[in-house]
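Below is one structure, written out as structure tokens; the observations come after it.
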Amino acid sequence: MTFSSGEPKGQPALLALTEMARENVQPPTRAQLDRGLQALSTRMAQERARRSTLLRWSLAGTMATACVVVGLTLLPRLRNGTKTTTAPALTYQIEGGSLIGGGYLRESGGAGIRLSFAEGTEFVLMPGTRGRLRSVDDAGARIAIEQGTASFQITPRSNGRWLVDVGPFLVKVKGTVFTVSWDATNERLDLKLRHGRVMVSGPISAGEIALQAGQRLAVDLQSARTTITDERPEEAWGEAATLPPTTNAPGERPSPEQPPGRTLAGASPSPTAARADGEHHWADALAAGRLDRILAEAERLGFKAVLEKASNEDLLALADAARYRRRMNLARAALLAERRRFPGSPLSLDAAYLLGRVEEVSERSLARAVAWYDEYLSLAPTGTYAAEALGRKMTLTSKLEGRLKARPIAAEYLRRFPNGSYAGSARALSRAP
Amino acid sequence: MPTHRSHIPLSLVEGPNHRAASDGDLARGLIAGNAWATAEVWRRFAPMVLIMAARTLGSESEAEDIAQEVFHRLFRKANTLRDPDSLRSFIFSFAVRVLKSELRSRRARGWLSFKEPQAFVDLGSETMDVESRDLLRRFYGLLDRLAARDRLVFALRHLERMTVEEIAASMDISHSTVKRSLAHATAKLSRWLESDLGLVGLLQGKGWNA
């Protein structure tokens with residue numbers, strides 16, 4: 001054999017070596033082949049058994065999931081029986097006007113229109129208000145206010161469903177008492193909630209807004225301004241439909257995260273301020289991925305009040321939601337509040353580590369991040385985030401002060417966490433010249 | 001007690017002779033999941049894979065592992081074979097891919113390890129003299145220093161005596177890439193051969209000039 005074109009010729013040694021390698025491989029014997037086939041069959045049988053086990057478990061899991069889904073679907077029906085499909089629509093009575101084509105409510109006496117439903121709910125359209133009754137069923141009704149002011153007193157029921165279209169907005173109601181106005185000419189919405197809770201959706205930048213008792217929502221579409229203020233319930237109920245003032249509480253400066261015009265809880269003993277110290281279960285909302293909801297609720301309650309009165313878990317959940325939405329000022333404020341208000345709690349320790357993560361976002365505050373990691377490591381040397389804090393500290397030190405300074409940290413990391421997620425970086429740092 | 005004997009004449013019925021089945025029939029049997037096809041595919045093609053792997057890696061025991069891997073993958077993916085008549089080249093391509101993967105893993109292990117990897121050569125251990133075995137071990141040590149693709153191209157060309165076109169087809173690369181790899185591998189091996197004084201000494205002992 002000779003090396004063909006494109007390959008160096010005159011290499012007898014290489015030629016001889018390849019020949020030697022080629023010639024010294026013997027074909028397998030029959031026994032070797034039988035052994036090989038036996039090994040292969042065993043391997044494939046084992047794999048089939050593994051796959052079969054996996055399939056059985058998958059099927060069992062699928063069946064269990066299907067049972068849960070079917071159960072959850074059927075349970076409400078079983079509870080309600082067949083009432084929902086056969087129950088008649090609510091009956092109602094109209095005073096001061098009549099219902100004409102298209103559900104239009106036509107005023108007849110100049111004193112407004114009152115709709116009284118059999119189960120106790122009442123709609124009152126103020127004089128001159130134009131509205132339409134769109135639908136009535138066994139769960140409730142849907143009414144549209146096209147211009148003017150209307151009051152609603154809705155009887156709480158578990159399966160009640162009441163909807164109010166106000167201009168381009170939709171108000172979803174359970175049991176509640178509220179007044180709503182729509183100024184079609186100036187495109188202004190004003191909603192005052194006395195009792196209960198409503199959800200308002202429509203062309204609002206924050207998406208769906210949940211209002212609590214005592215709150216007033218004002219939306220000016222032309223200036224694209226949405227304001228939520230806290231008022232005493234009796235004021236909210238008795239006032240005329242005008243846009244509320246949008247000034248801050250006296251002597252109060254807006255926080256960086258606080259939109260202008262937001263009335264801060266804590267300035268006066270308002271109902272919202274009282275609620276800010278309640279349990280919001282934001283940790284659950286966070287687990288469900290409802291970050292915007294947490295932030296909107298905190299915003300509605302007033303950040304300052306929340307930072308002062310929210311529970312330990314809620315504060316950390318708020319900080320997480322703010323971090324995930326890159327609202328670092330709010331995240332920092334929440335974490336600092338956590339550390340200030342709950343100095344002995346485990347979550348306060350976590351906050352020290354998380355403050356490091358927050359500071360890492362800006363190149364200018366990397367040194368502060370290292371300081372927070374140091375703080376965490378000194379307070380919780382074996383804490384949940386110890387490995388992470390040490391790894392981050394190593395990385396940042398290398399970045400800020402060079403590899404030489406980071407090497408002792410790398411050595412410490414490898415000693416303490418030889419299989420940690422930063423072990424590779426630590427080894428590379430240790431080896432680097 | 002008398003035993004009742006049947007008077008129906010008995011005859012031995014032979015099963016179909018699978019040894020005579022064509023590659024296409026074999027592939028179709030494999031796709032259908034027939035046990036006879038599995039055994040026959042192994043019997044017919046395992047020697048080809050074992051020999052190629054042993055020559056490429058320099059180790060019969062490692063060649064057995066490669067063959068196991070090749071046929072295991074083949075039996076799992078038999079249904080991806082579009083042309084049953086090309087079963088041989090299908091298996092060969094599988095083997096080439098597995099070998100290439102093994103060579104790459106070896107090099108990666110070599111980089112990650114602090115020690116220089118030692119070539120494990122067990123070819124002809126019963127028939128060769130000590131010097132020849134040492135020569136082979138050193139030769140495979142040099143092959144270990146080549147990049148996976150260069151080594152595989154070199155092995156297919158010079159140990160399997162395949163043409164450039166066959167290599168290009170089985171490795172799914174262009175002719176010019178095969179030629180470039182070949183030239184690259186050969187030049188490097190020649191250079192390393194000349195600079196390995198121990199190997200030069202052994203070669204001279206055999207009467208070969210480096």
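Ordering of the structure tokens sets the chain letters (A, B, ...), residue numbers begin anew at 1 in every chain, and ligands are numbered from 1 in the order given.
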> Could you pull the residues within 12 Å of Ala78 (chain B), counting only C-alpha atoms, minus those fewer than 6 positions along the same chain, as an MDAnalysis selection string?
Replying inline: chainID B and resid 26:34 37:38 41 70:72 84 87 90:91 94
Could you turn the residues from that selection into a file that holds C-alpha atoms, as a PDB file, in the first residue's frame?
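Produced file part.pdb, reproduced below:
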```pdb
ATOM      1  CA  LEU B  26     -33.391  -8.219   7.228  1.00  0.00           C
ATOM      2  CA  ALA B  27     -34.067  -4.494   7.580  1.00  0.00           C
ATOM      3  CA  ARG B  28     -37.784  -5.015   7.135  1.00  0.00           C
ATOM      4  CA  GLY B  29     -37.721  -7.745   9.797  1.00  0.00           C
ATOM      5  CA  LEU B  30     -35.852  -5.387  12.105  1.00  0.00           C
ATOM      6  CA  ILE B  31     -38.350  -2.587  11.569  1.00  0.00           C
ATOM      7  CA  ALA B  32     -41.168  -5.047  12.288  1.00  0.00           C
ATOM      8  CA  GLY B  33     -39.440  -5.969  15.563  1.00  0.00           C
ATOM      9  CA  ASN B  34     -38.741  -9.627  14.701  1.00  0.00           C
ATOM     10  CA  ALA B  37     -33.803 -10.134  12.500  1.00  0.00           C
ATOM     11  CA  THR B  38     -32.055  -8.754  15.561  1.00  0.00           C
ATOM     12  CA  VAL B  41     -28.240  -8.375  11.922  1.00  0.00           C
ATOM     13  CA  VAL B  70     -23.877   0.889  17.708  1.00  0.00           C
ATOM     14  CA  PHE B  71     -26.326  -2.015  17.643  1.00  0.00           C
ATOM     15  CA  HIS B  72     -28.228  -0.808  20.655  1.00  0.00           C
ATOM     16  CA  PRO B  84     -34.133  -1.096   3.776  1.00  0.00           C
ATOM     17  CA  LEU B  87     -28.924  -1.506   5.728  1.00  0.00           C
ATOM     18  CA  PHE B  90     -26.855   2.601   7.485  1.00  0.00           C
ATOM     19  CA  ILE B  91     -25.041   0.494  10.089  1.00  0.00           C
ATOM     20  CA  PHE B  94     -24.002   4.578  12.756  1.00  0.00           C
TER      21      PHE B  94
END
```
>> as a VMD selection string, please: the residues near Asp183 (chain A) (cut-off 10 Å, only C-alpha atoms, same-chain neighbours under 2 positions excluded).
In response: chain A and resid 145 to 149 166 to 167 181 185 to 190 220 241 to 242
Emit the selected residues as a PDB file, in the first residue's frame, including C-alpha atoms.
```pdb
ATOM      1  CA  ILE A 145     -74.694  53.521  32.177  1.00  0.00           C
ATOM      2  CA  GLU A 146     -74.240  55.652  29.060  1.00  0.00           C
ATOM      3  CA  GLN A 147     -74.333  59.034  30.744  1.00  0.00           C
ATOM      4  CA  GLY A 148     -74.940  60.238  34.288  1.00  0.00           C
ATOM      5  CA  THR A 149     -74.860  58.786  37.769  1.00  0.00           C
ATOM      6  CA  VAL A 166     -69.906  52.429  32.504  1.00  0.00           C
ATOM      7  CA  GLY A 167     -68.822  53.999  29.236  1.00  0.00           C
ATOM      8  CA  SER A 181     -70.836  58.261  37.225  1.00  0.00           C
ATOM      9  CA  THR A 185     -68.642  64.357  27.011  1.00  0.00           C
ATOM     10  CA  ASN A 186     -65.454  64.696  29.044  1.00  0.00           C
ATOM     11  CA  GLU A 187     -64.854  60.928  29.251  1.00  0.00           C
ATOM     12  CA  ARG A 188     -64.592  60.840  33.005  1.00  0.00           C
ATOM     13  CA  LEU A 189     -65.397  57.935  35.275  1.00  0.00           C
ATOM     14  CA  ASP A 190     -66.011  58.324  38.972  1.00  0.00           C
ATOM     15  CA  ASP A 220     -59.921  60.971  33.161  1.00  0.00           C
ATOM     16  CA  ALA A 241     -70.116  62.876  41.040  1.00  0.00           C
ATOM     17  CA  THR A 242     -67.088  65.087  40.647  1.00  0.00           C
TER      18      THR A 242
END
```
Dump as CSV the rows for residues of chain A within 8 Å of chain B: closest atom pair and distance in Å with one decimal, only C-alpha atoms counted, ordered by chain and rising residue number.
```
residue,atom,partner,partner_atom,distance
A:Gly6,CA,B:Ala183,CA,6.2
A:Glu7,CA,B:Ala183,CA,5.1
A:Pro8,CA,B:Ala187,CA,6.8
A:Gln11,CA,B:Ala210,CA,6.9
A:Pro12,CA,B:Asn209,CA,6.6
A:Ala13,CA,B:Ala210,CA,5.0
A:Leu14,CA,B:Ser190,CA,7.0
A:Ala16,CA,B:Trp208,CA,7.8
A:Leu17,CA,B:Phe139,CA,7.0
A:Thr18,CA,B:Leu159,CA,6.3
A:Glu19,CA,B:Leu159,CA,7.3
A:Met20,CA,B:Leu136,CA,7.6
A:Ala21,CA,B:Arg55,CA,6.4
A:Arg22,CA,B:Leu159,CA,5.4
A:Asn24,CA,B:Gly124,CA,5.2
A:Val25,CA,B:Leu123,CA,6.1
A:Gln26,CA,B:Ile51,CA,7.3
A:Pro27,CA,B:Pro47,CA,6.3
A:Pro28,CA,B:Pro47,CA,6.2
A:Leu33,CA,B:Arg43,CA,7.0
A:Gly36,CA,B:Gln68,CA,7.2
A:Leu37,CA,B:Trp42,CA,6.8
A:Ala39,CA,B:Gln68,CA,8.0
A:Leu40,CA,B:Gln68,CA,6.2
A:Met44,CA,B:His72,CA,7.3
```
Keeping only N, CA and C atoms, take the residues you just selected and write them out as a compact mmCIF listing (two decimals), in the first residue's frame.
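Written output follows (again.txt):
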```txt
# COMPACT_ATOMS: atom_id res chain seq x y z
N GLY A 6 -1.94 13.81 -2.53
CA GLY A 6 -2.36 14.73 -1.47
C GLY A 6 -1.82 14.31 -0.13
N GLU A 7 -1.14 13.20 -0.07
CA GLU A 7 -0.60 12.72 1.19
C GLU A 7 0.91 12.56 1.01
N PRO A 8 1.68 12.73 2.08
CA PRO A 8 3.13 12.62 1.93
C PRO A 8 3.55 11.21 1.52
N GLN A 11 7.02 7.57 3.25
CA GLN A 11 6.93 7.40 4.70
C GLN A 11 6.81 5.91 4.99
N PRO A 12 7.87 5.18 4.74
CA PRO A 12 7.77 3.73 4.91
C PRO A 12 7.43 3.32 6.33
N ALA A 13 7.92 4.09 7.29
CA ALA A 13 7.64 3.72 8.68
C ALA A 13 6.15 3.85 8.98
N LEU A 14 5.56 4.95 8.55
CA LEU A 14 4.13 5.16 8.78
C LEU A 14 3.31 4.09 8.06
N ALA A 16 4.33 1.11 7.28
CA ALA A 16 4.49 -0.17 7.96
C ALA A 16 3.65 -0.23 9.23
N LEU A 17 3.58 0.88 9.94
CA LEU A 17 2.80 0.90 11.18
C LEU A 17 1.31 0.71 10.90
N THR A 18 0.80 1.37 9.87
CA THR A 18 -0.63 1.21 9.56
C THR A 18 -0.91 -0.22 9.13
N GLU A 19 0.03 -0.79 8.38
CA GLU A 19 -0.15 -2.19 7.95
C GLU A 19 -0.19 -3.12 9.16
N MET A 20 0.72 -2.84 10.09
CA MET A 20 0.78 -3.68 11.29
C MET A 20 -0.53 -3.59 12.08
N ALA A 21 -1.02 -2.36 12.21
CA ALA A 21 -2.27 -2.17 12.95
C ALA A 21 -3.41 -2.87 12.23
N ARG A 22 -3.39 -2.78 10.93
CA ARG A 22 -4.47 -3.37 10.14
C ARG A 22 -4.47 -4.89 10.23
N ASN A 24 -3.15 -6.85 12.43
CA ASN A 24 -3.22 -7.50 13.73
C ASN A 24 -4.60 -7.53 14.35
N VAL A 25 -5.58 -7.07 13.61
CA VAL A 25 -6.95 -7.20 14.12
C VAL A 25 -7.56 -8.46 13.52
N GLN A 26 -7.95 -9.36 14.40
CA GLN A 26 -8.52 -10.62 13.95
C GLN A 26 -10.05 -10.53 13.96
N PRO A 27 -10.69 -11.21 13.03
CA PRO A 27 -12.15 -11.24 13.07
C PRO A 27 -12.63 -11.91 14.36
N PRO A 28 -13.78 -11.51 14.87
CA PRO A 28 -14.26 -12.10 16.13
C PRO A 28 -14.63 -13.56 15.95
N LEU A 33 -18.94 -13.47 19.31
CA LEU A 33 -20.18 -12.91 18.76
C LEU A 33 -21.39 -13.31 19.61
N GLY A 36 -21.45 -11.29 22.71
CA GLY A 36 -21.88 -9.92 22.41
C GLY A 36 -23.38 -9.83 22.24
N LEU A 37 -23.94 -10.80 21.51
CA LEU A 37 -25.39 -10.79 21.27
C LEU A 37 -26.14 -10.98 22.58
N ALA A 39 -25.10 -10.10 25.56
CA ALA A 39 -25.01 -8.85 26.34
C ALA A 39 -25.98 -7.81 25.80
N LEU A 40 -26.07 -7.77 24.47
CA LEU A 40 -26.96 -6.78 23.85
C LEU A 40 -28.42 -7.08 24.18
N MET A 44 -31.07 -4.68 26.19
CA MET A 44 -32.33 -4.21 25.61
C MET A 44 -33.53 -4.65 26.45
```
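Taking CA of Val124 (chain A) as the reference point, CA of Ser98 (chain A) is found at 13.2 Å.
When only C-alpha atoms are used to measure the gap to Arg73 (chain B), the shortest distance among B:Thr163, B:Ser22, B:Ser93, B:Ser170 belongs to B:Ser93.
CA of Val153 (chain B) is found 8.8 Å from CA of Ala168 (chain B).
Near Phe342 (chain A), within 12 Å and counting only C-alpha atoms, sit Leu307, Glu308, Lys309, Ala310, Ser311, Asn312, Glu313, Leu315, Leu316, Ala334, Leu335, Leu336, Ala337, Glu338, Arg339, Arg340, Gly344, Ser345, Pro346, Leu347, Ser348, Leu349, Asp350, Ala351 and Ala352 of chain A; same-chain residues fewer than 2 positions away were not included.
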Saved selection, atoms kept: N, CA and C atoms, as a tab-separated table (two decimals), in the first residue's frame:
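Done, and the output landed in again_22.tsv:
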```tsv
chain	number	residue	atom	x	y	z
A	307	LEU	N	-44.91	49.47	53.55
A	307	LEU	CA	-43.57	49.24	54.09
A	307	LEU	C	-43.57	49.31	55.62
A	308	GLU	N	-44.48	50.10	56.15
A	308	GLU	CA	-44.51	50.25	57.60
A	308	GLU	C	-45.35	49.19	58.29
A	309	LYS	N	-46.34	48.65	57.57
A	309	LYS	CA	-47.32	47.82	58.28
A	309	LYS	C	-47.50	46.40	57.73
A	310	ALA	N	-46.98	46.14	56.57
A	310	ALA	CA	-47.19	44.80	56.01
A	310	ALA	C	-46.45	43.75	56.84
A	311	SER	N	-46.92	42.53	56.71
A	311	SER	CA	-46.31	41.45	57.50
A	311	SER	C	-44.94	41.09	56.91
A	312	ASN	N	-44.23	40.31	57.71
A	312	ASN	CA	-42.91	39.81	57.35
A	312	ASN	C	-42.90	39.16	55.97
A	313	GLU	N	-43.82	38.20	55.76
A	313	GLU	CA	-43.86	37.44	54.51
A	313	GLU	C	-44.30	38.32	53.35
A	315	LEU	N	-43.88	41.49	53.00
A	315	LEU	CA	-42.81	42.42	52.60
A	315	LEU	C	-41.82	41.73	51.67
A	316	LEU	N	-41.45	40.51	52.04
A	316	LEU	CA	-40.48	39.81	51.20
A	316	LEU	C	-41.08	39.45	49.84
A	334	ALA	N	-38.36	47.66	50.28
A	334	ALA	CA	-39.07	46.58	50.97
A	334	ALA	C	-38.09	45.73	51.78
A	335	LEU	N	-36.93	45.46	51.20
A	335	LEU	CA	-35.95	44.62	51.90
A	335	LEU	C	-35.36	45.35	53.11
A	336	LEU	N	-35.12	46.63	52.94
A	336	LEU	CA	-34.60	47.40	54.08
A	336	LEU	C	-35.65	47.47	55.19
A	337	ALA	N	-36.92	47.60	54.79
A	337	ALA	CA	-37.99	47.62	55.79
A	337	ALA	C	-38.05	46.28	56.52
A	338	GLU	N	-37.87	45.22	55.75
A	338	GLU	CA	-37.86	43.87	56.35
A	338	GLU	C	-36.77	43.77	57.42
A	339	ARG	N	-35.59	44.27	57.08
A	339	ARG	CA	-34.47	44.17	58.02
A	339	ARG	C	-34.67	45.09	59.22
A	340	ARG	N	-35.26	46.24	58.98
A	340	ARG	CA	-35.45	47.20	60.08
A	340	ARG	C	-36.57	46.73	61.02
A	344	GLY	N	-34.81	40.08	63.91
A	344	GLY	CA	-34.40	38.75	64.37
A	344	GLY	C	-34.94	37.61	63.53
A	345	SER	N	-35.73	37.92	62.49
A	345	SER	CA	-36.40	36.82	61.78
A	345	SER	C	-35.50	36.22	60.70
A	346	PRO	N	-35.73	34.95	60.36
A	346	PRO	CA	-34.94	34.33	59.29
A	346	PRO	C	-35.12	35.06	57.96
A	347	LEU	N	-36.31	35.59	57.73
A	347	LEU	CA	-36.54	36.30	56.47
A	347	LEU	C	-35.71	37.57	56.40
A	348	SER	N	-35.42	38.14	57.56
A	348	SER	CA	-34.58	39.32	57.59
A	348	SER	C	-33.16	38.97	57.11
A	349	LEU	N	-32.71	37.76	57.46
A	349	LEU	CA	-31.40	37.29	56.98
A	349	LEU	C	-31.43	37.15	55.46
A	350	ASP	N	-32.51	36.54	54.97
A	350	ASP	CA	-32.65	36.39	53.52
A	350	ASP	C	-32.61	37.75	52.85
A	351	ALA	N	-33.23	38.73	53.52
A	351	ALA	CA	-33.28	40.08	52.94
A	351	ALA	C	-31.87	40.64	52.76
A	352	ALA	N	-30.96	40.31	53.68
A	352	ALA	CA	-29.59	40.80	53.54
A	352	ALA	C	-28.96	40.26	52.26
```
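The residue that comes closest to Gln153 (chain A), out of A:Ser135, A:Gln215, A:Asn329, A:Thr179 and on the basis of only C-alpha atoms, is A:Thr179.
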>> According to DSSP computed on the backbone, where in region 153-201 of chain B is there alpha helix (DSSP H)? Give the residues as a PyMOL selection string.
In response: chain B and resi 153-154+164-171+175-195+197-201
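CA of Val164 (chain A) sits 19.4 Å away from CA of Glu95 (chain A).
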>> With only C-alpha atoms as the counted atoms, please give the residues lying no more than 12 Å from Ala111 (chain A), apart from itself and same-chain residues fewer than 5 positions off, as a PyMOL selection string.
In response: chain A and resi 95-97+106+124-129
>> DSSP on the backbone, strand (DSSP E or B) only: what residues of region 60-175 of chain A does that give? Format it as an NGL selection string.
In response: :A and (92-95 or 97-99 or 104-107 or 113-117 or 122-125 or 130-136 or 141-154 or 162-166 or 169-173)
Convert the current residue selection to file output with N, CA and C atoms, as a compact mmCIF listing (two decimals), in the first residue's frame.
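part34.txt, freshly written:
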```
# COMPACT_ATOMS: atom_id res chain seq x y z
N TYR A 92 -87.94 41.73 38.61
CA TYR A 92 -87.62 43.08 39.05
C TYR A 92 -88.79 44.02 38.74
N GLN A 93 -88.73 45.17 39.36
CA GLN A 93 -89.78 46.16 39.21
C GLN A 93 -89.12 47.50 38.88
N ILE A 94 -89.73 48.27 37.97
CA ILE A 94 -89.16 49.56 37.58
C ILE A 94 -90.09 50.68 38.07
N GLU A 95 -89.53 51.64 38.78
CA GLU A 95 -90.29 52.82 39.23
C GLU A 95 -89.66 54.06 38.60
N GLY A 97 -89.94 55.10 35.54
CA GLY A 97 -89.61 55.01 34.13
C GLY A 97 -90.09 53.69 33.57
N SER A 98 -89.63 53.36 32.37
CA SER A 98 -90.04 52.10 31.74
C SER A 98 -88.92 51.58 30.86
N LEU A 99 -89.08 50.30 30.57
CA LEU A 99 -88.08 49.64 29.73
C LEU A 99 -88.60 49.59 28.30
N TYR A 104 -83.45 49.98 26.73
CA TYR A 104 -83.26 51.38 27.13
C TYR A 104 -84.20 51.73 28.28
N LEU A 105 -83.65 52.38 29.32
CA LEU A 105 -84.45 52.77 30.49
C LEU A 105 -84.89 54.22 30.28
N ARG A 106 -86.18 54.38 30.06
CA ARG A 106 -86.71 55.71 29.74
C ARG A 106 -87.33 56.33 30.98
N GLU A 107 -86.82 57.49 31.37
CA GLU A 107 -87.29 58.18 32.57
C GLU A 107 -88.64 58.84 32.27
N ILE A 113 -84.81 56.81 37.99
CA ILE A 113 -85.43 55.49 37.81
C ILE A 113 -84.89 54.55 38.89
N ARG A 114 -85.77 53.77 39.45
CA ARG A 114 -85.35 52.79 40.44
C ARG A 114 -85.72 51.39 39.95
N LEU A 115 -84.72 50.50 39.94
CA LEU A 115 -84.98 49.08 39.60
C LEU A 115 -84.83 48.28 40.88
N SER A 116 -85.89 47.59 41.27
CA SER A 116 -85.83 46.77 42.48
C SER A 116 -85.96 45.31 42.10
N PHE A 117 -84.95 44.51 42.45
CA PHE A 117 -84.97 43.08 42.13
C PHE A 117 -85.56 42.31 43.29
N GLU A 122 -80.93 46.77 44.46
CA GLU A 122 -81.56 47.99 43.93
C GLU A 122 -80.59 48.78 43.07
N PHE A 123 -81.05 49.23 41.90
CA PHE A 123 -80.29 50.17 41.08
C PHE A 123 -81.08 51.48 41.10
N VAL A 124 -80.37 52.58 41.29
CA VAL A 124 -81.04 53.89 41.22
C VAL A 124 -80.31 54.75 40.19
N LEU A 125 -80.99 55.10 39.13
CA LEU A 125 -80.41 56.00 38.13
C LEU A 125 -80.85 57.42 38.49
N ARG A 130 -78.79 58.27 31.54
CA ARG A 130 -79.24 57.36 30.49
C ARG A 130 -78.60 55.98 30.71
N GLY A 131 -79.41 54.96 30.61
CA GLY A 131 -78.87 53.61 30.81
C GLY A 131 -79.68 52.56 30.09
N ARG A 132 -79.14 51.38 30.00
CA ARG A 132 -79.82 50.25 29.36
C ARG A 132 -79.69 49.02 30.24
N LEU A 133 -80.75 48.30 30.37
CA LEU A 133 -80.71 47.01 31.06
C LEU A 133 -80.41 45.96 30.00
N ARG A 134 -79.23 45.41 30.03
CA ARG A 134 -78.82 44.53 28.93
C ARG A 134 -79.31 43.09 29.10
N SER A 135 -79.23 42.61 30.32
CA SER A 135 -79.69 41.23 30.52
C SER A 135 -80.01 41.00 31.99
N VAL A 136 -80.91 40.06 32.21
CA VAL A 136 -81.22 39.63 33.58
C VAL A 136 -81.29 38.11 33.55
N ALA A 141 -77.72 40.66 36.92
CA ALA A 141 -78.10 41.43 35.73
C ALA A 141 -76.90 42.19 35.21
N ARG A 142 -77.04 42.67 33.97
CA ARG A 142 -76.00 43.51 33.39
C ARG A 142 -76.67 44.80 32.93
N ILE A 143 -76.13 45.91 33.42
CA ILE A 143 -76.71 47.20 33.08
C ILE A 143 -75.61 48.10 32.54
N ALA A 144 -75.99 48.97 31.61
CA ALA A 144 -75.00 49.90 31.04
C ALA A 144 -75.42 51.32 31.39
N ILE A 145 -74.45 52.11 31.90
CA ILE A 145 -74.69 53.52 32.18
C ILE A 145 -74.00 54.29 31.05
N GLU A 146 -74.81 54.96 30.22
CA GLU A 146 -74.24 55.65 29.06
C GLU A 146 -73.90 57.10 29.37
N GLN A 147 -74.60 57.66 30.33
CA GLN A 147 -74.33 59.03 30.74
C GLN A 147 -75.02 59.26 32.08
N GLY A 148 -74.32 59.89 33.02
CA GLY A 148 -74.94 60.24 34.29
C GLY A 148 -74.46 59.40 35.46
N THR A 149 -75.28 59.41 36.51
CA THR A 149 -74.86 58.79 37.77
C THR A 149 -75.89 57.74 38.21
N ALA A 150 -75.37 56.65 38.74
CA ALA A 150 -76.26 55.61 39.25
C ALA A 150 -75.69 55.03 40.53
N SER A 151 -76.59 54.64 41.43
CA SER A 151 -76.16 54.00 42.67
C SER A 151 -76.61 52.54 42.65
N PHE A 152 -75.81 51.70 43.27
CA PHE A 152 -76.11 50.26 43.27
C PHE A 152 -76.01 49.73 44.68
N GLN A 153 -77.00 48.99 45.07
CA GLN A 153 -76.96 48.31 46.36
C GLN A 153 -77.25 46.85 46.06
N ILE A 154 -76.21 46.07 46.07
CA ILE A 154 -76.35 44.69 45.59
C ILE A 154 -76.32 43.73 46.76
N TRP A 162 -73.16 40.32 38.92
CA TRP A 162 -73.69 41.62 38.51
C TRP A 162 -72.60 42.36 37.75
N LEU A 163 -72.98 42.90 36.62
CA LEU A 163 -72.01 43.62 35.79
C LEU A 163 -72.57 44.98 35.44
N VAL A 164 -71.71 45.98 35.54
CA VAL A 164 -72.13 47.34 35.19
C VAL A 164 -71.17 47.89 34.14
N ASP A 165 -71.69 48.17 32.94
CA ASP A 165 -70.87 48.82 31.92
C ASP A 165 -71.00 50.32 32.12
N VAL A 166 -69.89 50.97 32.31
CA VAL A 166 -69.91 52.43 32.50
C VAL A 166 -69.02 53.02 31.42
N PHE A 169 -65.83 51.22 30.48
CA PHE A 169 -65.37 50.43 31.63
C PHE A 169 -66.39 49.34 31.97
N LEU A 170 -65.86 48.29 32.61
CA LEU A 170 -66.73 47.23 33.11
C LEU A 170 -66.47 47.05 34.60
N VAL A 171 -67.55 47.13 35.38
CA VAL A 171 -67.41 46.94 36.83
C VAL A 171 -68.03 45.59 37.18
N LYS A 172 -67.20 44.72 37.78
CA LYS A 172 -67.70 43.40 38.21
C LYS A 172 -67.99 43.50 39.69
N VAL A 173 -69.18 43.05 40.07
CA VAL A 173 -69.65 43.30 41.43
C VAL A 173 -70.08 42.00 42.09
```
>> Neighbouring residues of Pro381 (chain A) were defined as those with any atom within 12 Å, considering only C-alpha atoms; residues of the same chain fewer than 4 positions away were excluded. Please report them as number ranges by chain.
In response: A: 349, 353, 373-377, 385-390, 413, 416
